[in-house]
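Shown below: protein.txt, with compact mmCIF, C-alpha atoms.
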# COMPACT_ATOMS: atom_id res chain seq x y z
CA MET A 1 -11.20 -13.54 60.57
CA GLY A 2 -11.42 -16.42 58.07
CA LYS A 3 -14.14 -19.01 57.73
CA LYS A 4 -14.49 -21.55 60.48
CA VAL A 5 -13.53 -25.17 59.86
CA ALA A 6 -15.54 -28.24 60.85
CA VAL A 7 -13.64 -31.53 61.06
CA VAL A 8 -16.00 -34.44 60.43
CA VAL A 9 -14.86 -37.90 61.51
CA GLY A 10 -16.47 -40.53 59.32
CA GLY A 11 -17.22 -40.44 55.62
CA SER A 12 -20.31 -42.62 55.56
CA VAL A 13 -23.79 -41.23 54.87
CA ALA A 14 -23.99 -39.43 58.23
CA GLY A 15 -20.57 -37.83 57.82
CA LEU A 16 -21.17 -36.65 54.26
CA ALA A 17 -24.59 -35.33 55.27
CA CYS A 18 -22.96 -33.31 58.06
CA ALA A 19 -20.38 -32.03 55.57
CA HIS A 20 -23.13 -30.81 53.24
CA ALA A 21 -24.97 -29.13 56.10
CA ALA A 22 -21.92 -27.40 57.56
CA ALA A 23 -20.78 -26.20 54.14
CA GLY A 24 -24.27 -24.87 53.51
CA ALA A 25 -23.94 -22.87 56.73
CA GLY A 26 -20.81 -21.18 55.40
CA TRP A 27 -18.16 -23.37 57.02
CA ASP A 28 -15.18 -25.08 55.44
CA VAL A 29 -15.20 -28.82 56.10
CA VAL A 30 -12.57 -31.55 56.29
CA VAL A 31 -13.80 -35.15 56.39
CA LEU A 32 -11.56 -37.93 57.75
CA GLU A 33 -12.43 -41.40 56.45
CA LYS A 34 -10.36 -44.58 56.74
CA ALA A 35 -11.78 -46.16 53.56
CA ALA A 36 -9.47 -45.72 50.60
CA ALA A 37 -12.14 -44.31 48.28
CA ALA A 38 -15.83 -43.51 48.01
CA ALA A 39 -18.31 -46.34 47.50
CA ALA A 40 -18.85 -47.12 43.85
CA GLY A 41 -22.60 -47.25 44.36
CA GLY A 42 -24.71 -50.39 44.17
CA GLY A 43 -22.15 -52.92 45.32
CA THR A 44 -21.76 -51.70 48.88
CA GLY A 45 -24.24 -51.98 51.71
CA ALA A 46 -27.93 -52.73 51.27
CA GLY A 47 -31.31 -51.05 51.14
CA LEU A 48 -32.71 -48.25 53.27
CA GLY A 49 -35.96 -46.31 53.60
CA LEU A 50 -36.12 -42.52 53.50
CA ASP A 51 -38.93 -40.43 54.96
CA ALA A 52 -40.34 -37.26 53.44
CA GLN A 53 -38.15 -34.97 55.54
CA SER A 54 -35.00 -36.81 54.50
CA MET A 55 -36.03 -36.76 50.85
CA GLU A 56 -36.56 -33.01 51.00
CA THR A 57 -33.23 -32.44 52.75
CA LEU A 58 -31.31 -34.69 50.38
CA ALA A 59 -32.88 -32.93 47.40
CA SER A 60 -31.43 -29.65 48.71
CA TRP A 61 -27.95 -31.18 48.61
CA ILE A 62 -28.10 -33.55 45.63
CA PRO A 63 -29.20 -32.18 42.24
CA GLY A 64 -32.14 -34.18 40.90
CA TRP A 65 -32.60 -36.31 44.01
CA GLY A 66 -36.16 -37.61 44.13
CA LEU A 67 -36.78 -36.63 40.52
CA ASP A 68 -34.67 -39.42 39.02
CA THR A 69 -34.53 -43.20 39.43
CA ALA A 70 -32.43 -43.25 42.60
CA THR A 71 -35.44 -44.11 44.78
CA LEU A 72 -38.68 -46.08 44.58
CA PRO A 73 -41.85 -45.50 46.61
CA LEU A 74 -42.47 -47.61 49.68
CA ALA A 75 -45.85 -45.94 49.97
CA VAL A 76 -47.65 -42.89 48.67
CA ASP A 77 -45.24 -40.14 47.70
CA LEU A 78 -46.54 -37.26 49.76
CA VAL A 79 -45.99 -34.85 46.91
CA ILE A 80 -47.87 -36.82 44.26
CA PRO A 81 -51.32 -38.28 45.14
CA ALA A 82 -50.74 -41.65 43.45
CA ALA A 83 -51.77 -45.13 44.57
CA ALA A 84 -49.09 -47.12 46.34
CA VAL A 85 -48.76 -49.66 49.12
CA PHE A 86 -47.12 -50.11 52.50
CA ALA A 87 -47.48 -53.61 53.87
CA VAL A 88 -46.92 -55.54 57.02
CA ARG A 89 -47.73 -59.19 56.37
CA LEU A 90 -47.76 -61.66 59.20
CA ARG A 91 -47.57 -65.30 58.22
CA SER A 92 -48.62 -68.15 60.53
CA VAL A 93 -51.84 -66.24 61.19
CA GLY A 94 -50.08 -62.94 60.61
CA ILE A 95 -50.97 -59.34 59.90
CA CYS A 96 -50.69 -57.55 56.58
CA GLU A 97 -50.64 -53.76 56.53
CA LEU A 98 -51.37 -52.34 53.10
CA SER A 99 -51.81 -48.74 52.08
CA VAL A 100 -53.64 -48.00 48.87
CA GLY A 101 -53.54 -44.34 47.93
CA LEU A 102 -53.42 -42.72 51.37
CA ARG A 103 -54.82 -45.80 53.15
CA VAL A 104 -53.11 -48.55 55.10
CA GLN A 105 -54.93 -51.86 55.37
CA ASN A 106 -53.98 -54.57 57.88
CA ARG A 107 -54.81 -58.18 57.05
CA ALA A 108 -54.45 -61.42 58.96
CA THR A 109 -53.21 -64.28 56.79
CA ASP A 110 -53.37 -67.98 57.64
CA SER A 111 -50.21 -69.71 56.43
CA GLU A 112 -52.00 -73.02 56.01
CA THR A 113 -55.00 -71.87 53.97
CA LYS A 114 -53.57 -68.53 52.70
CA ALA A 115 -56.94 -66.96 53.58
CA ALA A 116 -56.76 -63.31 54.63
CA ARG A 117 -58.93 -61.01 56.72
CA THR A 118 -58.73 -57.25 57.14
CA LEU A 119 -57.65 -56.03 60.56
CA VAL A 120 -57.25 -52.24 60.46
CA ARG A 121 -56.66 -49.32 58.10
CA ASP A 122 -54.33 -46.35 58.52
CA ASP A 123 -53.17 -43.31 56.55
CA GLY A 124 -50.08 -41.61 55.34
CA PHE A 125 -46.94 -43.76 55.16
CA GLY A 126 -44.70 -41.96 52.61
CA PHE A 127 -41.21 -43.45 52.55
CA ARG A 128 -39.03 -44.19 49.53
CA ALA A 129 -36.46 -46.94 49.05
CA ALA A 130 -32.85 -46.40 48.04
CA HIS A 131 -29.63 -48.39 48.01
CA TRP A 132 -27.02 -47.31 50.55
CA GLY A 133 -24.26 -47.29 47.94
CA ASP A 134 -26.28 -45.13 45.55
CA LEU A 135 -27.05 -42.57 48.25
CA HIS A 136 -23.46 -42.45 49.46
CA ARG A 137 -22.10 -42.01 45.94
CA ARG A 138 -24.56 -39.22 45.15
CA LEU A 139 -23.81 -37.40 48.41
CA HIS A 140 -20.10 -37.58 47.65
CA GLU A 141 -20.42 -36.45 44.04
CA ALA A 142 -22.53 -33.44 45.10
CA LEU A 143 -20.15 -32.17 47.80
CA PRO A 144 -19.48 -28.43 47.39
CA PRO A 145 -15.94 -27.03 46.96
CA ALA A 146 -15.82 -26.06 50.64
CA VAL A 147 -15.57 -29.77 51.58
CA ALA A 148 -12.35 -31.77 51.40
CA VAL A 149 -12.58 -35.53 51.99
CA LEU A 150 -9.35 -37.17 53.12
CA TRP A 151 -9.84 -40.78 52.09
CA GLY A 152 -7.53 -43.34 53.64
CA HIS A 153 -7.17 -41.33 56.87
CA GLN A 154 -7.96 -43.32 60.01
CA PHE A 155 -8.95 -41.14 62.94
CA LEU A 156 -6.85 -41.74 66.05
CA SER A 157 -7.57 -39.05 68.64
CA PHE A 158 -8.52 -35.44 69.24
CA GLU A 159 -7.68 -32.63 71.61
CA ALA A 160 -10.00 -29.73 72.32
CA HIS A 161 -8.85 -26.35 73.54
CA GLY A 162 -10.34 -22.93 73.98
CA GLY A 163 -9.77 -21.94 70.39
CA GLY A 164 -10.77 -25.16 68.63
CA VAL A 165 -9.88 -28.82 68.13
CA VAL A 166 -7.01 -30.83 66.68
CA ALA A 167 -7.79 -34.24 65.19
CA THR A 168 -4.97 -36.72 64.63
CA ALA A 169 -5.26 -39.33 61.90
CA ARG A 170 -3.07 -42.05 60.43
CA VAL A 171 -2.58 -42.17 56.68
CA VAL A 172 -3.45 -45.79 55.95
CA ARG A 173 -1.21 -46.11 52.89
CA THR A 174 1.99 -44.72 54.47
CA GLY A 175 1.46 -45.08 58.20
CA GLU A 176 2.36 -41.46 58.90
CA THR A 177 0.26 -39.36 61.27
CA VAL A 178 -1.22 -35.98 60.43
CA ASP A 179 -3.00 -33.30 62.47
CA VAL A 180 -6.09 -31.50 61.20
CA THR A 181 -7.04 -28.29 63.01
CA GLY A 182 -10.56 -26.94 63.15
CA ASP A 183 -13.08 -25.00 65.18
CA LEU A 184 -15.51 -27.90 65.60
CA LEU A 185 -15.28 -31.71 65.60
CA VAL A 186 -18.28 -33.71 64.41
CA ALA A 187 -18.18 -37.37 65.43
CA ALA A 188 -20.04 -39.28 62.72
CA ASP A 189 -17.98 -42.44 63.14
CA GLY A 190 -20.79 -44.93 63.54
CA ALA A 191 -22.42 -47.03 66.22
CA ALA A 192 -19.05 -48.18 67.58
CA SER A 193 -17.76 -44.59 67.70
CA SER A 194 -14.33 -44.28 69.30
CA ILE A 195 -15.06 -40.63 70.07
CA ARG A 196 -18.22 -41.53 71.97
CA ARG A 197 -16.29 -44.19 73.89
CA ARG A 198 -13.83 -41.54 75.00
CA LEU A 199 -16.56 -39.14 76.06
CA LEU A 200 -18.80 -41.81 77.64
CA PRO A 201 -16.56 -44.74 78.58
CA ASP A 202 -19.30 -46.42 80.63
CA LEU A 203 -21.89 -46.40 77.84
CA LYS A 204 -21.98 -49.83 76.21
CA LEU A 205 -23.72 -51.12 73.13
CA ARG A 206 -26.63 -53.43 73.97
CA TYR A 207 -27.10 -56.61 71.96
CA ALA A 208 -30.72 -56.75 70.82
CA GLY A 209 -31.05 -60.53 71.14
CA TYR A 210 -31.08 -61.20 67.40
CA CYS A 211 -29.15 -60.80 64.16
CA ALA A 212 -30.27 -59.99 60.64
CA TRP A 213 -29.44 -61.94 57.53
CA ARG A 214 -29.35 -59.48 54.64
CA GLY A 215 -29.18 -59.79 50.90
CA VAL A 216 -29.71 -57.84 47.70
CA PHE A 217 -30.99 -59.88 44.74
CA ASP A 218 -30.05 -58.41 41.36
CA PHE A 219 -32.73 -59.37 38.87
CA ALA A 220 -31.48 -57.34 35.90
CA GLY A 221 -32.18 -59.51 32.86
CA LYS A 222 -33.99 -62.07 35.06
CA GLU A 223 -37.49 -60.58 35.25
CA SER A 224 -39.00 -63.65 33.59
CA SER A 225 -37.08 -66.14 35.76
CA ASP A 226 -38.95 -68.53 38.03
CA THR A 227 -37.59 -66.66 41.06
CA MET A 228 -38.95 -63.31 39.93
CA THR A 229 -42.28 -64.53 38.58
CA GLY A 230 -42.82 -66.36 41.85
CA ILE A 231 -41.88 -63.44 44.08
CA ARG A 232 -44.02 -61.03 42.04
CA ARG A 233 -46.94 -63.39 42.42
CA ALA A 234 -46.47 -63.75 46.18
CA TYR A 235 -45.70 -60.03 46.72
CA PRO A 236 -47.64 -58.28 43.94
CA GLU A 237 -47.01 -54.71 45.14
CA LEU A 238 -43.20 -54.83 45.05
CA GLY A 239 -41.98 -51.51 43.74
CA ASN A 240 -44.57 -49.63 45.80
CA CYS A 241 -44.60 -51.65 48.96
CA LEU A 242 -42.59 -52.49 52.05
CA TYR A 243 -43.48 -56.02 53.14
CA PHE A 244 -43.04 -57.36 56.67
CA ASP A 245 -43.67 -61.11 57.06
CA LEU A 246 -43.93 -62.28 60.67
CA ALA A 247 -43.76 -65.88 61.84
CA HIS A 248 -43.35 -67.19 65.37
CA LYS A 249 -40.41 -65.29 66.98
CA THR A 250 -38.98 -64.10 63.67
CA HIS A 251 -39.73 -61.73 60.81
CA THR A 252 -38.54 -60.67 57.38
CA VAL A 253 -38.54 -57.42 55.42
CA LEU A 254 -38.76 -57.26 51.63
CA TYR A 255 -38.87 -54.34 49.20
CA GLU A 256 -37.68 -53.36 45.75
CA LEU A 257 -34.74 -51.05 45.09
CA PRO A 258 -33.98 -49.01 41.99
CA ARG A 259 -32.04 -50.61 39.14
CA SER A 260 -33.68 -54.05 39.31
CA ARG A 261 -32.81 -55.15 42.83
CA LEU A 262 -34.73 -56.65 45.72
CA ASN A 263 -33.61 -56.03 49.30
CA TRP A 264 -34.46 -58.53 52.00
CA LEU A 265 -33.70 -58.97 55.71
CA TRP A 266 -34.44 -61.89 58.00
CA TYR A 267 -34.18 -61.38 61.76
CA THR A 268 -33.28 -64.45 63.81
CA ASN A 269 -33.09 -64.72 67.60
CA GLY A 270 -29.96 -66.14 69.19
CA PRO A 271 -26.97 -65.59 71.48
CA GLU A 272 -24.60 -62.71 70.76
CA PRO A 273 -21.92 -63.69 68.20
CA GLU A 274 -18.27 -62.99 68.84
CA LEU A 275 -17.07 -60.05 66.75
CA THR A 276 -13.58 -58.91 65.87
CA GLY A 277 -12.83 -55.23 65.44
CA SER A 278 -15.49 -52.54 65.40
CA SER A 279 -17.64 -53.87 62.55
CA VAL A 280 -21.06 -55.34 63.34
CA THR A 281 -21.17 -57.16 59.99
CA ILE A 282 -20.22 -60.83 59.68
CA GLU A 283 -19.08 -62.33 56.39
CA ALA A 284 -21.02 -65.58 56.34
CA THR A 285 -19.28 -68.90 55.66
CA ASP A 286 -20.67 -71.41 53.17
CA VAL A 287 -21.84 -73.58 56.07
CA MET A 288 -23.70 -70.66 57.68
CA VAL A 289 -25.40 -69.78 54.40
CA ALA A 290 -26.43 -73.37 53.73
CA ARG A 291 -28.02 -73.68 57.18
CA MET A 292 -29.80 -70.36 56.78
CA ARG A 293 -31.25 -71.35 53.39
CA GLU A 294 -32.42 -74.68 54.77
CA GLU A 295 -34.20 -72.91 57.62
CA ALA A 296 -35.80 -70.45 55.17
CA GLU A 297 -37.37 -73.40 53.35
CA ARG A 298 -38.95 -74.50 56.64
CA VAL A 299 -40.17 -71.11 57.87
CA TRP A 300 -41.14 -69.00 54.86
CA CYS A 301 -43.29 -69.34 51.78
CA PRO A 302 -41.61 -71.12 48.84
CA GLU A 303 -41.29 -67.91 46.81
CA LEU A 304 -39.42 -66.06 49.55
CA ALA A 305 -37.28 -69.08 50.38
CA ARG A 306 -36.29 -69.33 46.73
CA LEU A 307 -35.34 -65.66 46.61
CA VAL A 308 -33.16 -66.17 49.68
CA ARG A 309 -31.59 -69.27 48.11
CA ASP A 310 -30.81 -67.48 44.84
CA THR A 311 -29.28 -64.36 46.43
CA ALA A 312 -25.51 -64.22 46.10
CA ALA A 313 -23.32 -63.40 49.12
CA PRO A 314 -25.85 -62.84 51.90
CA PHE A 315 -24.30 -61.43 55.06
CA VAL A 316 -25.15 -60.99 58.73
CA ASN A 317 -25.63 -57.79 60.72
CA VAL A 318 -25.45 -58.18 64.49
CA ILE A 319 -28.14 -55.89 65.88
CA TYR A 320 -27.17 -53.45 68.62
CA ASP A 321 -28.43 -50.25 70.11
CA ALA A 322 -27.56 -48.17 73.18
CA ASP A 323 -29.49 -46.40 75.88
CA PRO A 324 -30.10 -42.73 75.00
CA LEU A 325 -27.10 -40.48 75.53
CA PRO A 326 -27.23 -37.75 78.18
CA ARG A 327 -25.69 -35.20 75.82
CA LEU A 328 -24.81 -34.62 72.15
CA SER A 329 -22.23 -31.82 72.58
CA TRP A 330 -19.00 -31.86 74.55
CA ALA A 331 -15.73 -30.04 75.22
CA SER A 332 -17.33 -26.62 75.78
CA GLY A 333 -19.20 -26.79 72.50
CA ARG A 334 -16.30 -28.00 70.35
CA VAL A 335 -17.39 -31.64 69.82
CA ALA A 336 -20.74 -32.87 68.50
CA LEU A 337 -22.05 -36.40 68.03
CA ALA A 338 -24.18 -37.17 64.97
CA GLY A 339 -25.62 -40.19 63.20
CA ASP A 340 -25.22 -43.64 64.74
CA ALA A 341 -22.43 -42.29 66.95
CA ALA A 342 -25.07 -40.16 68.68
CA HIS A 343 -27.86 -42.75 68.80
CA PRO A 344 -27.03 -46.39 68.03
CA THR A 345 -30.41 -47.88 67.16
CA THR A 346 -32.02 -51.04 65.95
CA PRO A 347 -33.27 -50.75 62.36
CA HIS A 348 -36.98 -51.10 63.12
CA GLY A 349 -38.97 -48.08 62.13
CA LEU A 350 -36.41 -47.21 59.43
CA ARG A 351 -34.81 -44.56 61.62
CA SER A 352 -31.01 -44.90 61.40
CA THR A 353 -30.41 -43.05 58.12
CA ASN A 354 -33.35 -40.72 58.67
CA MET A 355 -32.08 -39.70 62.10
CA SER A 356 -28.62 -39.13 60.61
CA VAL A 357 -29.97 -36.84 57.90
CA ALA A 358 -32.09 -35.00 60.46
CA ASP A 359 -29.04 -34.56 62.71
CA ALA A 360 -27.10 -33.03 59.84
CA ARG A 361 -29.97 -30.79 58.79
CA GLU A 362 -30.41 -29.46 62.34
CA LEU A 363 -26.68 -29.01 62.86
CA GLY A 364 -26.49 -26.98 59.68
CA ARG A 365 -29.42 -24.81 60.69
CA CYS A 366 -27.86 -24.02 64.04
CA LEU A 367 -24.42 -23.31 62.60
CA ALA A 368 -26.06 -20.95 60.12
CA ARG A 369 -27.93 -19.24 62.94
CA TRP A 370 -24.68 -18.25 64.66
CA GLY A 371 -22.63 -17.53 61.56
CA ALA A 372 -19.33 -18.93 60.31
CA GLU A 373 -17.21 -16.12 61.75
CA GLU A 374 -18.79 -15.52 65.17
CA PRO A 375 -16.22 -16.62 67.84
CA ALA A 376 -18.86 -18.24 70.05
CA ALA A 377 -20.65 -19.88 67.13
CA PRO A 378 -19.70 -23.52 67.83
CA ALA A 379 -20.77 -23.56 71.48
CA ARG A 380 -24.04 -21.72 70.88
CA ALA A 381 -24.89 -23.76 67.80
CA LEU A 382 -24.20 -27.08 69.49
CA ALA A 383 -26.24 -26.13 72.54
CA GLU A 384 -29.25 -25.51 70.30
CA TYR A 385 -28.55 -28.64 68.26
CA GLU A 386 -28.59 -30.72 71.43
CA VAL A 387 -31.84 -29.20 72.68
CA ALA A 388 -33.55 -29.91 69.35
CA ARG A 389 -32.27 -33.44 68.69
CA LEU A 390 -31.73 -35.14 72.04
CA PRO A 391 -35.39 -35.74 73.00
CA VAL A 392 -36.30 -36.83 69.48
CA VAL A 393 -33.57 -39.42 69.03
CA ALA A 394 -34.01 -40.73 72.58
CA ALA A 395 -37.70 -41.42 71.98
CA GLN A 396 -37.10 -42.99 68.57
CA VAL A 397 -34.29 -45.27 69.77
CA MET A 398 -36.44 -46.64 72.59
CA HIS A 399 -39.47 -47.10 70.33
CA ALA A 400 -37.38 -48.97 67.74
CA ARG A 401 -36.03 -51.19 70.52
CA ARG A 402 -39.52 -52.09 71.64
CA LEU A 403 -40.82 -52.62 68.11
CA GLY A 404 -38.00 -55.04 67.32
CA ARG A 405 -38.62 -57.07 70.46
CA VAL A 406 -42.34 -57.25 69.68
CA LYS A 407 -41.73 -58.50 66.14
CA GLN A 408 -39.22 -61.07 67.39
CA GLY A 409 -41.57 -62.36 70.06
CA LEU A 410 -39.28 -61.25 72.89
CA PRO A 411 -40.72 -60.02 76.21
CA VAL A 412 -41.25 -56.26 76.62
CA ASP A 413 -42.29 -54.07 79.52
CA GLY A 414 -41.64 -56.79 82.08
CA GLU A 415 -43.98 -59.30 80.44
CA ALA A 416 -43.23 -62.98 80.94
CA GLU A 417 -44.18 -63.83 77.36
CA GLY A 418 -43.45 -62.05 74.12
CA PHE A 419 -45.90 -61.12 71.37
CA ASP A 420 -47.32 -64.24 69.70
CA VAL A 421 -48.16 -63.52 66.09
CA ARG A 422 -50.25 -66.67 65.89
CA LYS A 423 -52.78 -65.09 68.27
CA ALA A 424 -52.66 -61.55 66.84
CA THR A 425 -55.83 -59.45 66.90
CA GLU A 426 -56.79 -56.19 65.25
CA GLU A 427 -56.06 -54.37 68.49
CA ASP A 428 -52.60 -55.94 68.60
CA ALA A 429 -51.85 -54.76 65.07
CA VAL A 430 -52.92 -51.18 65.72
CA HIS A 431 -51.22 -50.88 69.09
CA LEU A 432 -47.98 -52.76 68.46
CA LEU A 433 -47.05 -52.85 64.79
CA ARG A 434 -48.05 -49.63 63.04
CA GLN A 435 -45.01 -47.81 61.67
CA ARG A 436 -46.80 -44.49 62.26
CA SER A 437 -46.62 -45.07 66.01
CA MET A 438 -42.94 -44.03 65.87
CA PRO A 439 -42.52 -40.82 67.93
CA PHE A 440 -42.16 -37.72 65.74
CA PHE A 441 -43.15 -39.83 62.73
CA GLY A 442 -44.37 -36.93 60.62
CA ASP A 443 -42.02 -34.18 61.72
CA ALA A 444 -39.31 -33.51 64.30
CA PRO A 445 -39.12 -30.16 66.08
CA ALA A 446 -36.26 -27.87 65.10
CA ALA A 447 -34.22 -25.44 67.10
CA ALA A 448 -35.65 -22.89 64.67
CA ASP A 449 -38.67 -22.92 66.95
CA ASP A 450 -36.47 -21.18 69.51
CA GLY A 451 -34.78 -18.79 67.10
CA CYS A 452 -32.35 -20.99 65.18
CA VAL A 453 -32.74 -20.76 61.42
Let's see the structure in the file written out as structure tokens.
Amino acid sequence: MGKKVAVVVGGSVAGLACAHAAAGAGWDVVVLEKAAAAAAGGGTGAGLGLDAQSMETLASWIPGWGLDTATLPLAVDLVIPAAAVFAVRLRSVGICELSVGLRVQNRATDSETKAARTLVRDDGFGFRAAHWGDLHRRLHEALPPAVAVLWGHQFLSFEAHGGGVVATARVVRTGETVDVTGDLLVAADGAASSIRRRLLPDLKLRYAGYCAWRGVFDFAGKESSDTMTGIRRAYPELGNCLYFDLAHKTHTVLYELPRSRLNWLWYTNGPEPELTGSSVTIEATDVMVARMREEAERVWCPELARLVRDTAAPFVNVIYDADPLPRLSWASGRVALAGDAAHPTTPHGLRSTNMSVADARELGRCLARWGAEEPAAPARALAEYEVARLPVVAAQVMHARRLGRVKQGLPVDGEAEGFDVRKATEEDAVHLLRQRSMPFFGDAPAAADDGCV
């Protein structure tokens, strides 16, 4: 009997991570992706934060990952005991969370006087920053020979049967349809997953109540510009630090990326925009950008407002999540959900990419446990994958939902009023805003605990 074949739908980070993991378990892999080619790296997407588990997993797939310049620390690198900073800064009497070495220090800052006071200290935030395009490119370049990526193939449908699955795709360039046969189908086709919609037609995405303006500022050759000298003065730990600035019913995120780039996000409350197609990204018009920049001047410090003004081509992400899924495996163990297809989540807590990498890692472990030639391998592996991942992702999705609503001043837990940053106390900061309060922050249980390797 030959090697088993996994068909992965989606060639984004989650899909390529699953391809690495399945290949590492001894499977052949075919990836279906509608994009015509791999991301060039740097020009696509925006920034992301990677936890220690993800860094370790990615290093097992990508030669040199973590040892080169592809990432920057957002806090102390857990391997190297060096000083670094994680920050949550709340403006308009806000809260600043700084970690020096292995410490996290929370400060309250008055926007009028700029005076600061310490609120609380914490330990052990060890994420690193990367650019989505860089990570995607490196994952693609490091794919082993057992993986074939079919670029320009738009997934249409699948059929599962006792002996495997057949995925049908349309070749974008020619319009012809092709069938790809495998033993397992992995749905890594994003938050708007068409496969999940087929399996769970009643499960709907939930609009979070706000959108995120996003931008990446390229400061190569501009380090001495007024924009950069100002932002370095206002945010002196950039390069080691993840900054959250909270004002009344809004907040921003700012951190440095490799190769002379700054990544920023600004979350703004409002009604749900009308979207076309399955993308949750809006290409902003000149009028939208002008209004956003004018509002930034009113809300944020001059240095941040200038950075926003000088960033080319900012865009909007509409923020969605979904209630936790009841299952992650379907069709008698022939179909698995992974990445955002398995757990659409808001970005708070930096979980989306990390959950995707953890999904892939666990899927690979369980496939390896049951072997690439065992007839019952898919069903048994997916059963263990579901047991390991379902409670983790459910808890993290719901925590991220709550954290986002708190930061945006939206009511939670039946409260009539949302969190008011202007009245924040030390107890508020510890209870509501610490990143370490994310469930399974340090480590997620593996099916290996029950025998899966």
If I take atom CA of A:Pro378 and atom CA of A:Lys34, how far is one from the other in Å, to one decimal?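 Rounded to one decimal, the two atoms are 25.6 Å apart.
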Need to verify the contact set: stretch 136-149 of chain A, 9 Å, only C-alpha atoms, exclusion of same-chain residues closer than 6 positions in sequence. Can you return it as a PyMOL selection string? chain A and resi 11-13+16-17+19-20+23-24+26-33+38-42+58+61-63+65
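If you measure from each of A:Thr425, A:Thr281, A:Gln435, A:Thr346 to A:Trp213 using only C-alpha atoms, the closest one turns out to be A:Thr281.
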List as a PyMOL selection string the protein and nucleic acid residues near A:Gly333, meaning an atom at most 7 Å away when all atoms listed in the file are counted, but skip any in the same chain fewer than 3 places from it. chain A and resi 329-330+378-379+382
Could you tell me how far atom CA of A:Pro326 lies from atom CA of A:Gly182, in Å and to one decimal?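 Between atom CA of A:Pro326 and atom CA of A:Gly182 the gap works out to 24.9 Å.
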note - atom CA of A:Arg293 and atom CA of A:Phe217 are separated by 14.4 Å
Go through A:Ala424, A:Leu304, A:Ala342, A:Ala400 one by one, measure the shortest atom-to-atom distance of each to A:Arg232 using all atoms listed in the file, and give the residue with the smallest value.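 Among A:Ala424, A:Leu304, A:Ala342, A:Ala400, it is A:Leu304 that comes nearest to A:Arg232.
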Taking (-5.1, -45.3, 61.6) in the file's coordinates as the center, which residues reach within 6 Å of it, counting all atoms listed in the file, put as a list in words?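 All residues meeting the 6 Å criterion around (-5.1, -45.3, 61.6) are Gln154, Phe155, Leu156, Ala169, Arg170 and Val172 of chain A.
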Show me as a list of chain:residue names the residues that reach within 9 Å of (-39.8, -65.7, 49.5), counting only C-alpha atoms and using the file's own coordinates. A:Thr227, A:Gly230, A:Ile231, A:Ala234, A:Tyr235, A:Leu254, A:Ala296, A:Glu297, A:Trp300, A:Cys301, A:Pro302, A:Glu303, A:Leu304, A:Ala305, A:Arg306, A:Leu307, A:Val308
From A:Arg405, A:Lys222, A:Arg334, A:Arg259, residue lying nearest A:Val165 [all atoms listed in the file]: A:Arg334
Counting all atoms listed in the file, which of A:Asp310, A:Asp321, A:Ala284, A:Val178 gets nearest to A:Ser225? A:Asp310
What would stretch 245-252 of chain A look like with N, CA, C and O atoms in place, written as a PDB file, in the coordinates of the input?
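Result written to result17.pdb:
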ATOM      1  N   ASP A 245     -43.074 -59.799  56.811  1.00  0.00           N
ATOM      2  CA  ASP A 245     -43.670 -61.110  57.060  1.00  0.00           C
ATOM      3  C   ASP A 245     -43.236 -61.572  58.440  1.00  0.00           C
ATOM      4  O   ASP A 245     -42.039 -61.673  58.706  1.00  0.00           O
ATOM      5  N   LEU A 246     -44.225 -61.834  59.315  1.00  0.00           N
ATOM      6  CA  LEU A 246     -43.930 -62.280  60.670  1.00  0.00           C
ATOM      7  C   LEU A 246     -44.360 -63.720  60.858  1.00  0.00           C
ATOM      8  O   LEU A 246     -45.496 -64.087  60.528  1.00  0.00           O
ATOM      9  N   ALA A 247     -43.450 -64.538  61.363  1.00  0.00           N
ATOM     10  CA  ALA A 247     -43.760 -65.880  61.840  1.00  0.00           C
ATOM     11  C   ALA A 247     -43.454 -65.910  63.324  1.00  0.00           C
ATOM     12  O   ALA A 247     -43.130 -64.883  63.926  1.00  0.00           O
ATOM     13  N   HIS A 248     -43.536 -67.097  63.930  1.00  0.00           N
ATOM     14  CA  HIS A 248     -43.350 -67.190  65.370  1.00  0.00           C
ATOM     15  C   HIS A 248     -41.908 -66.864  65.743  1.00  0.00           C
ATOM     16  O   HIS A 248     -40.971 -67.539  65.349  1.00  0.00           O
ATOM     17  N   LYS A 249     -41.712 -65.752  66.477  1.00  0.00           N
ATOM     18  CA  LYS A 249     -40.410 -65.290  66.980  1.00  0.00           C
ATOM     19  C   LYS A 249     -39.401 -64.996  65.872  1.00  0.00           C
ATOM     20  O   LYS A 249     -38.187 -65.163  66.045  1.00  0.00           O
ATOM     21  N   THR A 250     -39.877 -64.508  64.752  1.00  0.00           N
ATOM     22  CA  THR A 250     -38.980 -64.100  63.670  1.00  0.00           C
ATOM     23  C   THR A 250     -39.757 -63.246  62.680  1.00  0.00           C
ATOM     24  O   THR A 250     -40.993 -63.263  62.655  1.00  0.00           O
ATOM     25  N   HIS A 251     -39.046 -62.450  61.873  1.00  0.00           N
ATOM     26  CA  HIS A 251     -39.730 -61.730  60.810  1.00  0.00           C
ATOM     27  C   HIS A 251     -38.749 -61.353  59.703  1.00  0.00           C
ATOM     28  O   HIS A 251     -37.535 -61.331  59.907  1.00  0.00           O
ATOM     29  N   THR A 252     -39.317 -61.098  58.527  1.00  0.00           N
ATOM     30  CA  THR A 252     -38.540 -60.670  57.380  1.00  0.00           C
ATOM     31  C   THR A 252     -39.046 -59.326  56.883  1.00  0.00           C
ATOM     32  O   THR A 252     -40.169 -58.905  57.183  1.00  0.00           O
TER      33      THR A 252
END
